[in-house]
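Data first, discussion second: the structure below is written as structure tokens.
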Amino acid sequence: MLSKGGNNFLDADLSHSTREGEHAAIRHVIALVGDRDRPRDNGDHGGQLSFVAERAFVGQGQRLAQFERDMRALGQRAGHDGLSQDQVANVYKQVGRLLEGHGYSDGGLSRPARLRLAEQVMHQAAVPTDINQGQHNSCQLASLESRMYTRDPERAAQIVADVALNGRYKDTRDRSLGINARPHDESIDFNSVDDIDAIRGKRSHASEIFQVTAANIMADIINERTHPRGQVRFEQQPDREVLIDYAQHLPKVLRFGPGALYPQRDALPLAYNAITGRNEKQIMIAGFEAGPRTDMIRVVTSERDLANALLAAKQQKKFPLLVSVQTDIEPFWTDSNAPFAGGTGGGHVVTVRDYRPGPVPIVTVDNQWGRDADHDMQKPLRLSTLYAAINLPDAAQAFLERKVELARLSGRPDVLKEIELFDLKARRKSDIIGDIQQVSMPQSIDDKEVARLIRSVVAMPKGFQRDLSLTRMHNAIGRMPESIALRLLPIEHSLGLLDREAYKSALQKHVERMGRIKNRTETLDPADPHAQETLRKYWYCVRMLNKNIRELGPGVMAPFDGSLDRERSRKAEVQKKWHWTLQKDLGN
């Protein structure tokens, strides 16, 4: 590729010419043929990057077309989000470094890897809401990355370019860090696919580099607080994420994942400032369990307090904000696929992108679990829903109970809040016995209360709130232990929450789940004190499953071979072999 300065690599050959005229003529021909389309360094940064991209992706039309779409999208977003022309130009500069290898050293990545990174950086600068944590416990880092690509994309791009080209990054506080730039796990998958839509939800290689670098800035901030100075580092290894203490003769793994960095939450906004060179305060919101309010973190203790914090952020143009939430609370329980998204199981961090005051205040949220988990203006969150999720489960339940009661007293019951409260209370009563999840069955859920909620949902006027309530109610029942969910399925069907096809589909999922449970019950050890209780619950579920199948009709049994006759015979064998007297759960 021709260098930016012209055709210097040809000068040595041409210097042998003794005729200056021929020398000049050849130069003129080379300029016309070899560099005629390349924009000069006259401020047309987009044109220069397009030229470089055309050369980099020659013969790869799909990749080039996506790259150019992302360039246009960044230009459009710049006007909407208030990015300056200099910021956009600097993004182009960093992406150009990746494409051309400017600054490459022995610690850098290969050219194919750099081209992939250039595409990813350009896309993430254009669409920051596509940034994800994938199956990694790095939600805080992904949220920070999303905010930085939104407000300071040139800084995020520089991190990726510096690390990819020479394996090091120096922040604005002169903190120099060596970073392993190679891709791992999901990043490898991400780099192997041209179609961005095919890999949504996974963490890109560019995001891995950014998040590992940000984690190490956080670690170094914490190192500076210890005496003697700590030597903790975060590393992404081929099959795990580890926090390692190098202060000892033999490095010690402190824990898997970056979780040990998170209790010192102010390290996250401090890391942001170390990258940007600014001193932004209270760019993160957390609930009261985070401790007292600090310059770095805004702690909210009421729904009104949260509204004031978001309104101030909107007026001061601070969005997006990092907000700490709980994954056991809706909507994040549902968003986590209850709870199989990366890093779920307690605390989580999302990015709040906007706040709309009004009679029913709403917020939009970018969740780093993929587009399906985002809450944009097509499916925003109520302010009260976000506030409940900011709290730990005890406080969230108490808050929801107050909201539900106040709504009832006002004569305008809030069905969605009632469903969220019902779901939370039911799950909090759950435990695990053996391999079968169950609630102290079957009277722990009031069928009449469930029926009342279902009727309320079905009676709602058509629209977003009704659709959301229908989905939440069905999901709440579907997530319940088999002993409860199977009992409630006929109620859902009879009251119109499920039509016949939806009923059949839901029942088929329970059939498949019961097949897996049956396999586990066959390995139970009679010495296990929970084995008898586990089997008792299992056979209760068998009876409820068969009752549903009889109601729906034939053609649903599929892989589960758990007919009543077969299970009665199996129960008798177990009683005889283990000398047990089991309750009569299968019925007649």
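By order of appearance in the structure tokens: chains A, B, ..., then residues from 1 within every chain, and ligands from 1 in the order shown.
Residues lying within 7 Å of His348 in chain A, counting only C-alpha atoms and ignoring same-chain neighbours fewer than 4 positions away, are Cys139, Ser324, Val325, Gln326, Thr327 and Thr344 of chain A.
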Name the residues of range 250-405 of chain A that fall into helix (DSSP H, G or I) according to DSSP on the backbone, using the chain letters and numbers of this document, as a ChimeraX atom specification.
-> /A:258-261,267-276,288-290,303-315,332-335,371-373,383-390,393-405
Which of these residues is nearest to Val323 in chain A, using only C-alpha atoms: A:Lys576, A:Arg278, A:Arg371, A:Arg265?
-> A:Arg265
Filtered DSSP result for range 132-311 of chain A, state strand (DSSP E), as JSON, numbers by chain | {"A": [168, 169, 170, 176, 177, 178, 232, 233, 234, 235, 236, 237, 240, 241, 242, 243, 244, 245, 252, 253, 254, 255, 256, 284, 285, 286, 297, 298, 299]}
If we count only C-alpha atoms, what is near range 353-357 of chain A at a cut-off of 12 Å, once residues fewer than 2 positions away on the same chain are taken out, given as a PDB file with C-alpha atoms, in the first residue's frame?
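Output contents, as saved in result19.pdb:
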ATOM      1  CA  ASP A  81     -25.585  13.167  19.946  1.00  0.00           C
ATOM      2  CA  PRO A 128     -22.982   1.947  20.669  1.00  0.00           C
ATOM      3  CA  THR A 129     -26.080   0.032  21.764  1.00  0.00           C
ATOM      4  CA  SER A 143     -21.673  -0.298  30.265  1.00  0.00           C
ATOM      5  CA  SER A 146     -21.150   1.795  25.737  1.00  0.00           C
ATOM      6  CA  ARG A 147     -21.087   5.235  27.359  1.00  0.00           C
ATOM      7  CA  THR A 150     -21.557   7.201  22.743  1.00  0.00           C
ATOM      8  CA  ARG A 151     -19.808  10.306  24.098  1.00  0.00           C
ATOM      9  CA  ILE A 283     -22.079   9.341  36.088  1.00  0.00           C
ATOM     10  CA  ARG A 304     -38.446  10.711  43.627  1.00  0.00           C
ATOM     11  CA  LEU A 306     -34.129   8.691  41.162  1.00  0.00           C
ATOM     12  CA  ALA A 307     -36.381  11.004  39.129  1.00  0.00           C
ATOM     13  CA  ASN A 308     -34.418  14.036  40.332  1.00  0.00           C
ATOM     14  CA  ALA A 309     -31.097  12.376  39.507  1.00  0.00           C
ATOM     15  CA  LEU A 310     -32.230  11.490  35.979  1.00  0.00           C
ATOM     16  CA  LEU A 311     -33.763  14.896  35.361  1.00  0.00           C
ATOM     17  CA  ALA A 312     -30.537  16.609  36.462  1.00  0.00           C
ATOM     18  CA  ALA A 313     -28.530  14.323  34.178  1.00  0.00           C
ATOM     19  CA  LYS A 314     -30.830  15.157  31.266  1.00  0.00           C
ATOM     20  CA  GLN A 315     -30.506  18.890  31.872  1.00  0.00           C
ATOM     21  CA  LYS A 317     -26.480  16.394  29.127  1.00  0.00           C
ATOM     22  CA  LYS A 318     -24.816  13.577  31.056  1.00  0.00           C
ATOM     23  CA  PHE A 319     -26.625  10.685  29.413  1.00  0.00           C
ATOM     24  CA  PRO A 320     -26.027   7.839  29.135  1.00  0.00           C
ATOM     25  CA  LEU A 321     -25.589   6.991  32.822  1.00  0.00           C
ATOM     26  CA  LEU A 322     -24.353   3.759  34.386  1.00  0.00           C
ATOM     27  CA  VAL A 323     -27.007   2.301  36.708  1.00  0.00           C
ATOM     28  CA  VAL A 350     -26.996  -1.185  32.563  1.00  0.00           C
ATOM     29  CA  THR A 351     -26.843   2.101  30.664  1.00  0.00           C
ATOM     30  CA  PRO A 359     -47.719  11.442  34.440  1.00  0.00           C
ATOM     31  CA  VAL A 360     -46.063   8.040  33.899  1.00  0.00           C
ATOM     32  CA  PRO A 361     -42.297   8.820  33.714  1.00  0.00           C
ATOM     33  CA  ILE A 362     -40.312   6.453  31.490  1.00  0.00           C
ATOM     34  CA  VAL A 363     -36.662   5.619  30.872  1.00  0.00           C
ATOM     35  CA  THR A 364     -34.843   3.970  27.989  1.00  0.00           C
ATOM     36  CA  VAL A 365     -32.179   1.422  28.832  1.00  0.00           C
ATOM     37  CA  ASP A 366     -29.337  -0.190  26.896  1.00  0.00           C
ATOM     38  CA  ASN A 367     -28.674  -3.617  28.373  1.00  0.00           C
ATOM     39  CA  ASP A 374     -32.731  -3.385  25.444  1.00  0.00           C
ATOM     40  CA  HIS A 375     -35.586  -1.062  26.400  1.00  0.00           C
ATOM     41  CA  ASP A 376     -35.728   1.643  23.765  1.00  0.00           C
ATOM     42  CA  MET A 377     -38.695   3.904  22.981  1.00  0.00           C
ATOM     43  CA  PRO A 380     -39.427   1.684  27.534  1.00  0.00           C
ATOM     44  CA  LEU A 381     -39.427   1.085  31.283  1.00  0.00           C
ATOM     45  CA  ARG A 382     -41.501   2.931  33.792  1.00  0.00           C
ATOM     46  CA  LEU A 383     -39.428   4.921  36.254  1.00  0.00           C
ATOM     47  CA  SER A 384     -40.957   2.899  39.105  1.00  0.00           C
ATOM     48  CA  LEU A 386     -36.295   0.825  37.215  1.00  0.00           C
TER      49      LEU A 386
END
